[in-house]
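Structure record follows, encoded as structure tokens.
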Amino acid sequence: MIRKAQFVVSNTDPAKCPKPDRAEIAFIGRSNVGKSSLINMLTGVKELAKTSQRPGKTQLINHFLIDDRWFLVDLPGYGFAKVSRDTKDKWEKMISSYLTGRPNLCGVFVLIDSRLEPQRIDLEFVNWCGEEGVPFVIVFTKADKQSKTQTDKNVKAFLKKMEDIFGDLPDYFVTSAEKGSGKEEVSAFLDELVSE
Ligand code: GTP
Ligand code: MG
């Protein structure tokens, strides 16, 4: 479990991120999928990462120092339709150069909305991670929003697609930032990842 969480810095330029002298985990996923909310749930600090009902809230690379030991990073979402082509290109470039160039990145949490059937944009993103050798796990979000049966169905369908692409299953978690579910499992996994 995370005991202490502090905001460090926000950046647009991956080159200006804090010195990469400790383990780092980043959260990514479609705009509005619940990245910032999950970070707040896991750290137990309600407004550590800024959240909003409107997609496109997080626009920078945000570093948080966890337990004085490792960095947790909140990223802008991909696939947000309502920003200009220019802005979208800029964000995508920022995110991809961060993900491929950060030497201390030990894992990326790719968040997937458990309410939806597999979305092409998410599959393209995980495929890209595979191609670039970016190590990732899947975190399904917003499990409180529908029945467990519906969640299970969407999770299963997404995992099947992953199996088709990669030939095996990634690690995955099912969470609700609203209800706190999945917190123990994800926290234990984070502990392990940053201790390696
Ligand atoms: P961007 O920064 O815009 O890319 O979004 P984000 O992925 O950081 O999403 P954010 O955490 O801001 O959450 C988006 C909306 O979804 C907010 O209104 C949250 O309250 C809501 N939300 C996030 N997680 C959950 C969840 O597990 N359950 C429910 N019911 N709502 C959630
Ligand atoms: Mg956000």
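Following the order of the structure tokens, chains are lettered A, B, ..., residues in each are numbered from 1, and ligands are numbered from 1.
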
- Message: Report as a ChimeraX atom specification all protein, DNA and RNA residues lying within 8 Å of A:Ala49, evaluated on only C-alpha atoms, omitting residues in the same chain fewer than 4 positions from it.
- Response: /A:36-37,39-40,74

- Item | Spatial neighbours of A:Ile112, max dist 12 Å, only C-alpha atoms, sep filter under 6 positions, as number ranges by chain | A: 27-35, 38, 77-78, 118-123, 125-126, 137-143, 151, 154-155, 157-159, 172-176

Written selection (N, CA and C atoms) as a tab-separated table (two decimals), in the first residue's frame:
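Done, and the output landed in part_30.tsv:
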```
chain	number	residue	atom	x	y	z
A	27	PHE	N	0.64	5.91	-15.94
A	27	PHE	CA	-0.75	5.56	-16.21
A	27	PHE	C	-1.19	6.22	-17.51
A	28	ILE	N	-1.74	5.41	-18.39
A	28	ILE	CA	-2.15	5.92	-19.70
A	28	ILE	C	-3.48	5.27	-20.09
A	29	GLY	N	-4.16	5.85	-21.07
A	29	GLY	CA	-5.44	5.31	-21.52
A	29	GLY	C	-6.24	6.42	-22.17
A	30	ARG	N	-7.39	6.07	-22.71
A	30	ARG	CA	-8.20	7.07	-23.38
A	30	ARG	C	-8.59	8.20	-22.44
A	31	SER	N	-8.80	9.38	-23.01
A	31	SER	CA	-9.29	10.51	-22.22
A	31	SER	C	-10.54	10.08	-21.49
A	32	ASN	N	-10.59	10.42	-20.18
A	32	ASN	CA	-11.78	10.16	-19.38
A	32	ASN	C	-11.92	8.72	-18.89
A	33	VAL	N	-10.94	7.86	-19.16
A	33	VAL	CA	-11.05	6.45	-18.75
A	33	VAL	C	-10.94	6.30	-17.23
A	34	GLY	N	-10.32	7.31	-16.58
A	34	GLY	CA	-10.22	7.27	-15.12
A	34	GLY	C	-8.80	7.15	-14.59
A	35	LYS	N	-7.81	7.63	-15.35
A	35	LYS	CA	-6.41	7.54	-14.92
A	35	LYS	C	-6.16	8.32	-13.64
A	38	LEU	N	-7.93	6.89	-10.60
A	38	LEU	CA	-7.30	5.67	-10.09
A	38	LEU	C	-6.06	6.00	-9.26
A	77	GLY	N	-4.73	11.75	-21.78
A	77	GLY	CA	-5.34	10.62	-22.47
A	77	GLY	C	-5.11	10.69	-23.97
A	78	TYR	N	-5.28	9.56	-24.61
A	78	TYR	CA	-5.27	9.57	-26.08
A	78	TYR	C	-6.70	9.48	-26.58
A	118	PRO	N	-14.34	-4.09	-26.77
A	118	PRO	CA	-12.98	-3.70	-27.20
A	118	PRO	C	-13.02	-2.56	-28.22
A	119	GLN	N	-12.24	-1.51	-27.94
A	119	GLN	CA	-12.20	-0.35	-28.81
A	119	GLN	C	-10.92	-0.39	-29.65
A	120	ARG	N	-11.09	-0.03	-30.90
A	120	ARG	CA	-9.97	-0.10	-31.82
A	120	ARG	C	-8.77	0.74	-31.34
A	121	ILE	N	-9.07	1.93	-30.82
A	121	ILE	CA	-7.98	2.82	-30.43
A	121	ILE	C	-7.13	2.21	-29.29
A	122	ASP	N	-7.80	1.48	-28.37
A	122	ASP	CA	-7.07	0.83	-27.28
A	122	ASP	C	-6.22	-0.33	-27.81
A	123	LEU	N	-6.81	-1.09	-28.72
A	123	LEU	CA	-6.07	-2.22	-29.29
A	123	LEU	C	-4.86	-1.72	-30.08
A	125	PHE	N	-3.27	1.00	-29.46
A	125	PHE	CA	-2.27	1.49	-28.50
A	125	PHE	C	-1.46	0.35	-27.87
A	126	VAL	N	-2.14	-0.72	-27.43
A	126	VAL	CA	-1.38	-1.82	-26.82
A	126	VAL	C	-0.50	-2.51	-27.86
A	137	VAL	N	0.70	-3.47	-18.39
A	137	VAL	CA	-0.36	-4.33	-17.86
A	137	VAL	C	-1.67	-3.60	-18.13
A	138	ILE	N	-2.76	-4.35	-18.05
A	138	ILE	CA	-4.08	-3.77	-18.34
A	138	ILE	C	-4.84	-3.55	-17.04
A	139	VAL	N	-5.44	-2.37	-16.91
A	139	VAL	CA	-6.31	-2.10	-15.76
A	139	VAL	C	-7.68	-1.68	-16.27
A	140	PHE	N	-8.66	-2.51	-16.02
A	140	PHE	CA	-10.03	-2.17	-16.40
A	140	PHE	C	-10.60	-1.24	-15.34
A	141	THR	N	-11.25	-0.16	-15.78
A	141	THR	CA	-11.76	0.86	-14.85
A	141	THR	C	-13.28	0.89	-14.82
A	142	LYS	N	-13.80	1.60	-13.83
A	142	LYS	CA	-15.24	1.90	-13.72
A	142	LYS	C	-16.11	0.65	-13.63
A	143	ALA	N	-15.61	-0.37	-12.93
A	143	ALA	CA	-16.35	-1.62	-12.81
A	143	ALA	C	-17.65	-1.45	-12.03
A	151	THR	N	-19.39	-6.47	-16.91
A	151	THR	CA	-17.95	-6.22	-16.78
A	151	THR	C	-17.17	-7.44	-17.25
A	154	ASN	N	-17.08	-7.81	-21.02
A	154	ASN	CA	-16.20	-6.87	-21.72
A	154	ASN	C	-14.73	-7.18	-21.46
A	155	VAL	N	-14.43	-7.59	-20.22
A	155	VAL	CA	-13.05	-7.95	-19.87
A	155	VAL	C	-12.60	-9.15	-20.71
A	157	ALA	N	-13.80	-10.21	-23.53
A	157	ALA	CA	-13.70	-9.88	-24.96
A	157	ALA	C	-12.38	-9.14	-25.24
A	158	PHE	N	-12.01	-8.25	-24.34
A	158	PHE	CA	-10.76	-7.51	-24.56
A	158	PHE	C	-9.55	-8.44	-24.45
A	159	LEU	N	-9.59	-9.31	-23.45
A	159	LEU	CA	-8.47	-10.24	-23.25
A	159	LEU	C	-8.32	-11.18	-24.44
A	172	TYR	N	-3.59	-8.40	-15.73
A	172	TYR	CA	-4.68	-7.43	-15.76
A	172	TYR	C	-5.38	-7.34	-14.40
A	173	PHE	N	-6.05	-6.21	-14.20
A	173	PHE	CA	-6.77	-5.93	-12.96
A	173	PHE	C	-8.11	-5.31	-13.30
A	174	VAL	N	-9.10	-5.57	-12.45
A	174	VAL	CA	-10.41	-4.95	-12.62
A	174	VAL	C	-10.64	-4.03	-11.43
A	175	THR	N	-10.92	-2.76	-11.69
A	175	THR	CA	-10.96	-1.78	-10.60
A	175	THR	C	-12.19	-0.87	-10.65
A	176	SER	N	-12.43	-0.24	-9.52
A	176	SER	CA	-13.36	0.88	-9.46
A	176	SER	C	-12.76	1.92	-8.53
```

- Quick one: DSSP strand (DSSP E or B) residues in stretch 5-192 of chain A, as an MDAnalysis selection string? chainID A and resid 5:11 24:30 61:66 70:74 78 105:113 136:141 172:174 176 181

- Item | DSSP alpha helix (DSSP H) selection over chain A, as a ChimeraX atom specification | /A:35-43,85-101,120-132,148-166,183-195

- Using only C-alpha atoms, which residue out of A:Pro170, A:Pro103, A:Pro55, A:Gly79 lies closest to A:Gly130?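 When distances to A:Gly130 are compared using only C-alpha atoms, the smallest one comes from A:Pro170.
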